[in-house]
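Chemist: Data: coords29.txt, compact mmCIF, C-alpha atoms.
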# COMPACT_ATOMS: atom_id res chain seq x y z
CA MET A 158 71.48 133.25 111.18
CA TRP A 159 69.44 133.11 114.36
CA ILE A 160 69.48 135.65 117.18
CA LEU A 161 68.69 134.34 120.65
CA VAL A 162 67.84 136.77 123.46
CA PHE A 163 67.61 135.54 127.06
CA PHE A 164 66.59 137.80 129.89
CA ASP A 165 65.87 138.03 133.60
CA LEU A 166 64.02 141.24 134.33
CA PRO A 167 62.95 142.48 137.77
CA THR A 168 59.18 142.48 138.43
CA GLU A 169 59.11 143.83 141.99
CA THR A 170 57.65 147.29 141.38
CA LYS A 171 54.91 148.41 139.03
CA LYS A 172 57.49 150.39 137.06
CA ASP A 173 59.69 147.29 136.61
CA ARG A 174 56.75 145.30 135.28
CA LYS A 175 55.89 148.13 132.90
CA ASN A 176 59.47 148.21 131.59
CA TYR A 177 59.36 144.48 131.15
CA ALA A 178 56.11 144.66 129.17
CA ILE A 179 57.46 147.41 126.90
CA PHE A 180 60.66 145.48 126.22
CA ARG A 181 58.74 142.31 125.38
CA LYS A 182 56.32 144.17 123.11
CA LEU A 183 59.15 145.87 121.19
CA MET A 184 60.89 142.51 120.76
CA LEU A 185 57.72 141.05 119.28
CA ALA A 186 57.35 144.04 116.97
CA ASP A 187 60.86 143.40 115.67
CA GLY A 188 59.85 139.88 114.65
CA PHE A 189 61.10 137.93 117.66
CA GLN A 190 59.08 134.93 118.75
CA MET A 191 58.85 133.34 122.16
CA PHE A 192 60.79 130.09 122.37
CA GLN A 193 60.51 129.73 126.14
CA PHE A 194 59.51 132.18 128.87
CA SER A 195 62.14 134.94 128.78
CA MET A 196 63.88 133.46 125.76
CA TYR A 197 63.10 134.90 122.34
CA ILE A 198 64.43 133.95 118.91
CA ARG A 199 64.48 135.51 115.45
CA HIS A 200 65.69 134.27 112.09
CA CYS A 201 67.75 136.65 109.93
CA SER A 202 68.46 135.97 106.27
CA SER A 203 72.02 137.29 106.27
CA ARG A 204 74.83 138.50 108.51
CA GLU A 205 74.11 142.13 107.54
CA ASN A 206 70.46 141.64 108.45
CA MET A 207 71.52 140.12 111.76
CA GLU A 208 73.59 143.22 112.57
CA VAL A 209 70.47 145.35 112.04
CA HIS A 210 68.42 143.34 114.50
CA LEU A 211 71.25 143.12 117.05
CA GLN A 212 71.46 146.92 117.00
CA ARG A 213 67.69 147.20 117.39
CA VAL A 214 67.66 144.94 120.46
CA LYS A 215 70.50 146.93 122.03
CA LYS A 216 68.51 150.14 121.47
CA ILE A 217 65.43 148.92 123.35
CA LEU A 218 67.17 147.37 126.38
CA PRO A 219 65.26 148.07 129.63
CA PRO A 220 66.96 150.15 132.37
CA LYS A 221 67.38 147.21 134.75
CA GLY A 222 67.79 143.49 134.27
CA HIS A 223 70.17 140.78 133.10
CA ILE A 224 70.12 140.16 129.33
CA GLY A 225 72.10 137.88 127.06
CA ILE A 226 72.14 138.19 123.27
CA MET A 227 73.64 135.49 121.09
CA ALA A 228 73.78 134.99 117.33
CA ILE A 229 74.37 131.56 115.82
CA THR A 230 74.29 130.09 112.33
CA ASP A 231 71.44 128.06 110.81
CA LYS A 232 73.64 124.98 111.03
CA GLN A 233 74.26 125.39 114.74
CA PHE A 234 70.62 126.19 115.45
CA GLY A 235 69.57 123.15 113.42
CA GLN A 236 71.30 120.89 115.93
CA ILE A 237 68.96 121.95 118.73
CA GLU A 238 66.87 119.22 120.37
CA VAL A 239 63.54 120.16 121.92
CA PHE A 240 61.54 118.12 124.45
CA TYR A 241 58.13 118.38 126.08
CA GLY A 242 58.59 116.23 129.14
CA ARG A 243 60.45 113.22 127.79
CA GLU A 244 58.82 113.46 124.40
CA GLN A 245 60.98 114.93 121.65
CA VAL A 246 59.23 117.49 119.42
CA ASN A 247 60.14 119.22 116.20
CA ALA A 248 62.49 122.16 116.51
CA PRO A 249 61.62 125.46 114.75
CA SER A 250 62.55 125.03 111.10
CA THR A 251 64.81 127.40 109.21
CA ILE A 252 62.89 130.08 107.33
CA GLN A 253 62.78 129.45 103.60
CA GLN A 254 63.03 132.19 101.00
CA LEU A 255 59.95 130.80 99.26
CA GLU A 256 57.06 129.54 101.36
CA LEU A 257 53.82 128.00 100.16
CA PHE A 258 50.80 128.08 102.45
CA MET B 92 68.98 141.68 101.21
CA ILE B 93 66.91 138.88 99.73
CA LYS B 94 63.30 139.20 100.79
CA ARG B 95 60.85 136.36 101.22
CA THR B 96 58.15 135.25 98.82
CA LEU B 97 54.93 134.01 100.41
CA TYR B 98 52.40 132.13 98.33
CA PHE B 99 48.87 131.41 99.61
CA GLY B 100 47.07 128.64 97.75
CA ASN B 101 44.76 127.53 100.59
CA PRO B 102 42.03 129.22 102.64
CA ALA B 103 43.62 131.54 105.19
CA TYR B 104 42.84 134.55 107.32
CA LEU B 105 45.57 137.17 107.24
CA LYS B 106 45.84 139.93 109.81
CA THR B 107 48.47 141.96 111.58
CA LYS B 108 49.60 142.25 115.18
CA ASN B 109 52.80 143.69 116.64
CA GLU B 110 54.03 144.65 113.13
CA GLN B 111 53.86 140.98 112.16
CA LEU B 112 51.80 139.19 109.55
CA ILE B 113 49.63 136.64 111.32
CA ILE B 114 48.46 133.72 109.20
CA GLU B 115 45.53 131.70 110.48
CA LYS B 116 45.24 128.55 108.41
CA GLN B 117 41.58 127.65 108.02
CA ASP B 118 42.02 123.91 107.47
CA THR B 119 44.36 123.12 110.38
CA GLY B 120 43.72 126.12 112.63
CA GLU B 121 47.46 126.67 112.84
CA ILE B 122 48.66 130.21 113.53
CA ILE B 123 51.96 131.41 112.06
CA SER B 124 53.54 134.81 112.45
CA THR B 125 56.00 136.38 110.01
CA PRO B 126 57.77 139.76 110.13
CA ILE B 127 56.28 142.02 107.45
CA GLU B 128 59.63 143.75 106.87
CA ASP B 129 61.14 140.44 105.65
CA ILE B 130 58.55 139.98 102.88
CA GLY B 131 59.20 140.99 99.27
CA ILE B 132 56.34 139.39 97.36
CA LEU B 133 53.00 138.09 98.63
CA ILE B 134 50.85 136.07 96.26
CA LEU B 135 47.15 135.50 96.98
CA ASP B 136 45.79 132.58 94.98
CA HIS B 137 42.61 131.29 96.61
CA GLN B 138 39.06 132.65 96.69
CA GLN B 139 38.77 132.04 100.43
CA ILE B 140 41.61 134.22 101.61
CA THR B 141 40.47 137.04 103.88
CA LEU B 142 42.73 139.90 104.80
CA THR B 143 42.36 143.09 106.78
CA GLN B 144 42.76 146.56 105.34
CA TYR B 145 45.29 147.46 108.02
CA LEU B 146 47.45 144.54 106.91
CA LEU B 147 47.27 145.71 103.30
CA ALA B 148 48.34 149.21 104.36
CA LYS B 149 51.22 147.77 106.40
CA LEU B 150 52.36 145.61 103.48
CA LEU B 151 52.42 148.62 101.16
CA GLU B 152 54.24 150.68 103.77
CA ASN B 153 56.98 148.04 103.73
CA ASN B 154 57.03 148.08 99.92
CA VAL B 155 55.75 144.54 99.51
CA ALA B 156 54.45 143.66 96.04
CA VAL B 157 51.03 142.09 96.59
CA ILE B 158 49.82 139.96 93.69
CA THR B 159 46.25 138.66 93.39
CA CYS B 160 45.30 135.79 91.13
CA ASP B 161 42.19 135.16 89.01
CA PRO B 162 40.12 131.94 89.08
CA THR B 163 42.50 130.31 86.57
CA HIS B 164 45.36 130.83 89.09
CA HIS B 165 47.16 133.31 86.88
CA PRO B 166 48.37 136.54 88.44
CA ALA B 167 45.75 139.21 87.71
CA GLY B 168 46.83 142.35 89.51
CA LEU B 169 49.59 143.99 91.45
CA PHE B 170 49.53 146.47 94.32
CA TYR B 171 52.62 148.52 94.96
CA CYS B 172 53.24 151.52 97.15
CA LEU B 173 53.27 155.09 95.93
CA ASP B 174 55.95 156.42 98.26
CA GLY B 175 58.83 153.99 98.15
CA HIS B 176 61.70 156.46 98.48
CA THR B 177 62.40 159.59 100.54
CA LEU B 178 63.66 161.59 97.55
CA GLN B 179 60.79 160.39 95.38
CA SER B 180 59.65 163.82 94.17
CA GLN B 181 63.15 164.77 93.02
CA LYS B 182 63.75 161.38 91.39
CA HIS B 183 60.43 161.50 89.53
CA GLN B 184 61.29 164.98 88.28
CA ARG B 185 64.66 163.77 86.95
CA GLN B 186 62.99 160.80 85.33
CA ILE B 187 60.41 162.97 83.57
CA GLU B 188 63.06 165.43 82.41
CA ALA B 189 65.36 162.68 81.04
CA SER B 190 66.52 163.62 77.54
CA VAL B 191 65.59 161.62 74.44
CA PRO B 192 69.23 160.71 73.59
CA LEU B 193 69.73 159.36 77.14
CA LYS B 194 66.60 157.22 76.90
CA LYS B 195 67.71 155.91 73.51
CA GLN B 196 71.13 154.99 74.86
CA LEU B 197 69.58 153.24 77.85
CA TRP B 198 67.29 151.30 75.52
CA GLN B 199 70.30 150.30 73.39
CA GLN B 200 72.04 148.89 76.48
CA THR B 201 68.86 147.08 77.47
CA VAL B 202 68.44 145.44 74.06
CA VAL B 203 72.09 144.38 73.94
CA ALA B 204 71.82 142.83 77.41
CA LYS B 205 68.61 141.04 76.45
CA ILE B 206 69.98 139.57 73.22
CA LYS B 207 73.17 138.50 75.01
CA ASN B 208 71.16 136.65 77.64
CA GLN B 209 68.98 135.05 74.95
CA ALA B 210 72.13 133.90 73.12
CA GLU B 211 73.58 132.52 76.35
CA LEU B 212 70.39 130.56 77.07
CA LEU B 213 70.41 129.08 73.54
CA LYS B 214 74.05 128.10 74.07
CA GLN B 215 73.12 126.34 77.32
CA GLN B 216 70.39 124.45 75.46
CA ARG B 217 72.99 123.50 72.80
CA ILE B 218 71.33 125.54 70.07
CA GLU B 219 73.19 127.59 67.47
CA ASN B 220 73.42 131.23 68.66
CA LYS B 221 75.84 132.91 66.20
CA TYR B 222 73.05 134.96 64.62
CA LEU B 223 72.12 136.52 67.96
CA LEU B 224 75.74 137.30 68.86
CA LYS B 225 76.07 139.03 65.49
CA LEU B 226 72.89 141.02 66.15
CA CYS B 227 74.31 142.23 69.49
CA ASP B 228 76.99 144.26 67.70
CA LEU B 229 74.48 145.82 65.31
CA VAL B 230 72.22 147.42 67.92
CA ARG B 231 72.40 151.21 67.54
CA SER B 232 71.20 153.92 69.92
CA GLY B 233 67.42 153.57 70.35
CA ASP B 234 67.49 150.32 68.32
CA PRO B 235 66.08 151.87 65.07
CA ASP B 236 66.73 148.64 63.12
CA ASN B 237 64.59 146.74 65.63
CA CYS B 238 67.24 144.13 66.34
CA GLU B 239 65.21 143.16 69.40
CA ALA B 240 62.38 141.84 67.22
CA LYS B 241 64.76 140.13 64.79
CA ALA B 242 66.43 138.36 67.70
CA ALA B 243 63.06 137.39 69.17
CA ILE B 244 61.90 135.76 65.93
CA TYR B 245 65.01 133.58 65.77
CA TYR B 246 64.98 132.92 69.51
CA TRP B 247 61.37 131.74 69.83
CA LYS B 248 61.67 129.65 66.69
CA HIS B 249 64.57 127.64 68.12
CA LEU B 250 64.20 127.71 71.90
CA PHE B 251 61.61 124.96 72.42
CA PRO B 252 61.68 121.49 70.82
CA ASP B 253 59.93 121.18 67.43
CA PHE B 254 57.08 118.94 68.61
CA LEU B 255 55.55 121.83 70.57
CA GLN B 256 55.25 123.95 67.39
CA PHE B 257 55.64 126.93 69.64
CA THR B 258 54.56 130.47 68.81
CA ARG B 259 54.77 133.19 71.43
CA ASP B 260 51.25 134.50 71.94
CA ARG B 261 49.90 135.83 75.22
CA ASN B 262 46.68 133.80 74.93
CA GLY B 263 48.23 130.93 73.02
CA PRO B 264 48.59 127.27 74.00
CA PRO B 265 51.14 126.05 76.60
CA PRO B 266 53.94 126.75 77.41
CA ASN B 267 52.68 130.32 76.88
CA ASN B 268 50.77 130.04 80.17
CA LEU B 269 53.98 129.22 82.04
CA LEU B 270 55.82 132.11 80.42
CA ASN B 271 53.00 134.53 81.32
CA TYR B 272 53.09 133.35 84.92
CA GLY B 273 56.84 133.76 85.22
CA TYR B 274 56.83 137.17 83.56
CA THR B 275 54.15 138.45 85.93
CA ILE B 276 56.23 137.44 88.95
CA LEU B 277 59.22 139.15 87.36
CA ARG B 278 57.22 142.27 86.52
CA ALA B 279 56.03 142.54 90.12
CA LEU B 280 59.60 142.20 91.31
CA VAL B 281 60.86 144.90 88.93
CA ALA B 282 57.97 147.29 89.70
CA ARG B 283 58.68 146.86 93.41
CA SER B 284 62.38 147.62 92.99
CA LEU B 285 61.66 150.63 90.76
CA THR B 286 59.46 152.22 93.42
CA ALA B 287 62.12 151.42 96.03
CA SER B 288 64.64 153.34 93.89
CA GLY B 289 62.25 156.29 93.74
CA LEU B 290 61.25 155.85 90.09
CA LEU B 291 57.83 155.85 88.47
CA PRO B 292 57.15 152.44 86.88
CA THR B 293 54.66 154.11 84.51
CA LEU B 294 57.04 156.27 82.46
CA GLY B 295 59.04 154.01 80.19
CA ILE B 296 62.25 154.59 78.25
CA HIS B 297 60.99 152.72 75.21
CA HIS B 298 57.54 151.21 75.82
CA ARG B 299 54.94 153.97 75.55
CA ASN B 300 51.60 152.24 75.03
CA GLN B 301 48.96 154.55 76.52
CA TYR B 302 47.13 151.56 78.02
CA ASN B 303 50.16 150.14 79.80
CA ASN B 304 50.64 151.20 83.42
CA PHE B 305 54.03 149.57 83.87
CA CYS B 306 56.03 150.78 80.85
CA LEU B 307 59.30 151.24 82.72
CA ALA B 308 58.95 147.90 84.48
CA ASP B 309 58.42 146.29 81.07
CA ASP B 310 61.55 148.02 79.72
CA ILE B 311 63.78 147.03 82.60
CA MET B 312 62.60 143.43 82.80
CA GLU B 313 63.55 142.70 79.17
CA PRO B 314 67.07 141.36 79.93
CA TYR B 315 65.59 139.31 82.78
CA ARG B 316 63.05 137.50 80.59
CA PRO B 317 65.53 134.78 79.48
CA PHE B 318 65.87 133.73 83.13
CA VAL B 319 62.15 132.92 83.17
CA ASP B 320 62.52 131.22 79.78
CA ALA B 321 65.27 129.04 81.24
CA VAL B 322 62.96 127.82 84.03
CA VAL B 323 60.19 127.14 81.49
CA CYS B 324 62.68 125.30 79.26
CA HIS B 325 63.52 123.08 82.19
CA ILE B 326 59.83 122.38 82.85
CA VAL B 327 59.27 121.55 79.17
CA MET B 328 62.23 119.18 79.24
CA MET B 329 60.73 117.38 82.25
CA ASN B 330 57.08 117.31 81.17
CA GLY B 331 57.08 117.18 77.36
CA LYS B 332 53.63 118.01 76.08
CA PHE B 333 51.84 117.94 79.45
CA LEU B 334 52.12 121.59 80.32
CA ASP B 335 48.97 122.45 82.25
CA MET B 336 50.00 124.29 85.38
CA THR B 337 50.68 122.05 88.38
CA PRO B 338 51.73 123.12 91.89
CA SER B 339 55.25 121.80 91.32
CA MET B 340 55.60 123.93 88.17
CA LYS B 341 54.35 126.91 90.13
CA LYS B 342 56.93 126.24 92.79
CA GLN B 343 59.70 126.28 90.19
CA LEU B 344 58.42 129.54 88.70
CA LEU B 345 58.08 131.11 92.14
CA SER B 346 61.73 130.38 92.86
CA ILE B 347 62.76 132.86 90.15
CA PRO B 348 63.50 135.68 92.65
CA ALA B 349 66.04 133.42 94.40
CA MET B 350 67.81 132.28 91.20
CA ASP B 351 71.56 132.87 90.95
CA VAL B 352 72.65 135.47 88.41
CA LYS B 353 76.02 137.01 87.63
CA MET B 354 76.51 140.76 87.73
CA GLU B 355 79.90 142.44 87.36
CA ASP B 356 81.51 139.03 88.08
CA GLN B 357 79.61 138.65 91.34
CA LYS B 358 77.00 136.00 91.91
CA SER B 359 73.84 137.16 93.64
CA PRO B 360 70.15 136.25 93.85
CA LEU B 361 68.06 137.66 90.99
CA MET B 362 66.05 139.81 93.40
CA ASN B 363 69.17 141.64 94.55
CA ALA B 364 70.33 142.03 90.96
CA VAL B 365 67.02 143.75 90.08
CA GLN B 366 67.54 146.16 92.96
CA ARG B 367 71.02 147.03 91.68
CA THR B 368 69.68 147.48 88.16
CA THR B 369 67.01 149.94 89.24
CA ALA B 370 69.47 151.81 91.47
CA SER B 371 71.86 152.21 88.53
CA LEU B 372 68.95 153.39 86.36
CA ALA B 373 68.10 156.08 88.91
CA LYS B 374 71.75 157.21 88.75
CA CYS B 375 71.51 157.39 84.95
CA PHE B 376 68.48 159.70 85.19
CA GLU B 377 70.37 161.90 87.65
CA GLY B 378 73.28 162.14 85.24
CA SER B 379 75.93 160.64 87.54
CA SER B 380 76.28 157.51 85.40
CA ARG B 381 75.61 156.41 81.84
CA LYS B 382 75.43 152.66 82.30
CA ILE B 383 72.65 150.41 83.59
CA LEU B 384 73.86 147.25 85.30
CA TYR B 385 72.37 144.10 83.86
CA PRO B 386 73.02 140.48 84.85
CA THR B 387 74.27 137.59 82.73
CA PHE B 388 73.60 133.88 82.99
CA CYS B 389 75.81 131.80 85.22
Before we go any further, please render this structure as structure tokens.
Modeler:
Amino acid sequence: MWILVFFDLPTETKKDRKNYAIFRKLMLADGFQMFQFSMYIRHCSSRENMEVHLQRVKKILPPKGHIGIMAITDKQFGQIEVFYGREQVNAPSTIQQLELF
Amino acid sequence: MIKRTLYFGNPAYLKTKNEQLIIEKQDTGEIISTPIEDIGILILDHQQITLTQYLLAKLLENNVAVITCDPTHHPAGLFYCLDGHTLQSQKHQRQIEASVPLKKQLWQQTVVAKIKNQAELLKQQRIENKYLLKLCDLVRSGDPDNCEAKAAIYYWKHLFPDFLQFTRDRNGPPPNNLLNYGYTILRALVARSLTASGLLPTLGIHHRNQYNNFCLADDIMEPYRPFVDAVVCHIVMMNGKFLDMTPSMKKQLLSIPAMDVKMEDQKSPLMNAVQRTTASLAKCFEGSSRKILYPTFC
């Protein structure tokens, strides 16, 4: 399963920017990675695990802002197509249980 | 939940940032980040891997089993955390106070489960297994007749094809090296789960060698050994006499934690099964149960 989080956060005041920075930092600490500006993704190995991370995101939501959270399956995420300009690039691959570096 | 196994066989610099493991590959300069909480086993198998102390502390905090390898690429050592469970002190106390009859009964269950799995593996390899099935029924509390050893003699004699002239010896010729490798992965997995269940991997129910630091892990992994043997059997079938360790063999042995096993008629990955086994063992020590859960082949 993949969790996608999209957000638009206000950056008018110093306090808003601070809230934004805290939110982003906590997302990173929970294992989310930037996919685009203000769109973060995380792979979860099971549905139960996904629930855990969904709850964690909901706990750290900033006071203001517009946030969307979506969870999709590996299969659905695998159909994503990613471009840089007109050039197609590799999409993030599904996390394997065993990885050799 | 099934945790990830990371294996490092190339130069890399490992550090931590934002609770993540950051991997800087030395050859390509690529930087990869992985959540530490998703890792179960981390294997370090190259002389040019550098890692920070803070990362090591974080890995232990998340109860990751860290395995280091020697120059022959065999696992040499294992780090595991000393406070894996909130009720650790109480659980250790119960484990130390466990009565001799209880330990003997637990050992009886363990031996029966092991011989059953050995018999099942022989059956899968189309080898006669009636002798082992007969032995299963003869195991008494504490296994005073040493059925385990009797089964092992028959099992090792018949498991591998005759041309290998196999004898099980830790320092012996291949496929002993493959078996050792697989068992070390398994041992790390079991030791990790034992600490997670609040038990001390040092105090065994049967093994009590004063030089062994993982007696309980060695006890509990017994019924799991045939799963490693099955993987090695498969490798032998594919490679015949050429059994020096190759990366593809290593890959097969490293997939052991993700293998399917059957437990109480439910299929699950081996890693989860180990966690259930150690949890049921902790219950036995507390006196709320008398049965350890062990998996069977599927």
Chemist: For chain A, report every residue with an atom at most 12 Å from chain B (counting only C-alpha atoms), formatted as a ChimeraX atom specification.
Modeler: /A:179,181-191,199-207,209-210,249,252-258
Chemist: Rounded to one decimal place, report the atom CA of A:Met227-atom CA of A:Leu161 distance in Å.
Modeler: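 Interatomic distance here is 5.1 Å.
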Chemist: Using all atoms listed in the file, pick whichever of B:Ser288, B:Asn300, B:Gln343, B:Gln215 has the shortest atom-to-atom distance to B:Tyr272.
Modeler: B:Gln343
Chemist: One decimal, Å: what's the distance from atom CA of B:His176 over to atom CA of B:Leu147, could you say?
Modeler: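 These atoms are spaced 18.6 Å apart.
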Chemist: Calculate how many Å separate atom CA of B:Phe257 from atom CA of B:Cys306, rounding to one decimal.
Modeler: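 Distance reported for this atom pair: 26.4 Å.
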Chemist: Write out as a ChimeraX atom specification each polymer residue whose atoms come within 6 Å of stretch 191-205 of chain B, counting only C-alpha atoms; drop sequence neighbours fewer than 3 positions from it.
Modeler: /B:208,227,232-234,296,313-314
Chemist: Any idea what's packed within 12 Å of A:Ala178, counting all atoms listed in the file, ignoring anything in its chain fewer than 4 positions away? Could you give it as a PDB file with C-alpha atoms, keeping the file's coordinate frame?
Modeler:
ATOM      1  CA  LEU A 166      64.020 141.240 134.330  1.00  0.00           C
ATOM      2  CA  PRO A 167      62.950 142.480 137.770  1.00  0.00           C
ATOM      3  CA  THR A 168      59.180 142.480 138.430  1.00  0.00           C
ATOM      4  CA  LYS A 171      54.910 148.410 139.030  1.00  0.00           C
ATOM      5  CA  LYS A 172      57.490 150.390 137.060  1.00  0.00           C
ATOM      6  CA  ASP A 173      59.690 147.290 136.610  1.00  0.00           C
ATOM      7  CA  ARG A 174      56.750 145.300 135.280  1.00  0.00           C
ATOM      8  CA  LYS A 182      56.320 144.170 123.110  1.00  0.00           C
ATOM      9  CA  LEU A 183      59.150 145.870 121.190  1.00  0.00           C
ATOM     10  CA  MET A 184      60.890 142.510 120.760  1.00  0.00           C
ATOM     11  CA  LEU A 185      57.720 141.050 119.280  1.00  0.00           C
ATOM     12  CA  SER A 195      62.140 134.940 128.780  1.00  0.00           C
ATOM     13  CA  ILE A 217      65.430 148.920 123.350  1.00  0.00           C
ATOM     14  CA  LEU A 218      67.170 147.370 126.380  1.00  0.00           C
ATOM     15  CA  PRO A 219      65.260 148.070 129.630  1.00  0.00           C
TER      16      PRO A 219
END
Chemist: With all atoms listed in the file as the atoms that count, which of B:Lys214, B:Leu277, B:Arg261, B:Leu290 lies nearest to B:Met350?
Modeler: B:Leu277
Chemist: Name all residues at most 9 Å from B:Leu178 (count only C-alpha atoms; drop same-chain ones fewer than 4 positions away) and give them as a PyMOL selection string.
Modeler: chain B and resi 182-183+289
Chemist: Determine, counting all atoms listed in the file, which protein, DNA and RNA residues have an atom within 9 Å of an atom of stretch 209-213 of chain B; residues of the same chain fewer than 2 positions away are not included. Present the result as a PyMOL selection string.
Modeler: chain B and resi 204-207+215-224+242-243+246+249-250+314+316-318+320-321+387-388
Chemist: Using only C-alpha atoms, which residues sit within 12 Å of A:Asn247 once same-chain residues fewer than 5 positions away are excluded, as a PyMOL selection string?
Modeler: chain A and resi 235-241
Chemist: Between A:Tyr177, A:Phe163, A:Pro220, A:Ile198, single out the one closest to A:Thr251, counting only C-alpha atoms.
Modeler: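 When distances to A:Thr251 are compared using only C-alpha atoms, the smallest one comes from A:Ile198.
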Chemist: Looking at A:Phe192, A:Ser250, A:Asn176, A:Leu211, which one is nearest to A:Gly225, with distances taken over all atoms listed in the file?
Modeler: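 Among the listed residues, the smallest separation from A:Gly225 belongs to A:Leu211.
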Chemist: Give the centre and edge lengths of an axis-aligned box, in Å to one decimal, that holds all listed atoms of stretch 222-238 of chain A with 8 Å on each side, as JSON.
Modeler:
{"center_x": 70.6, "center_y": 131.4, "center_z": 122.5, "size_x": 23.5, "size_y": 40.3, "size_z": 39.5}
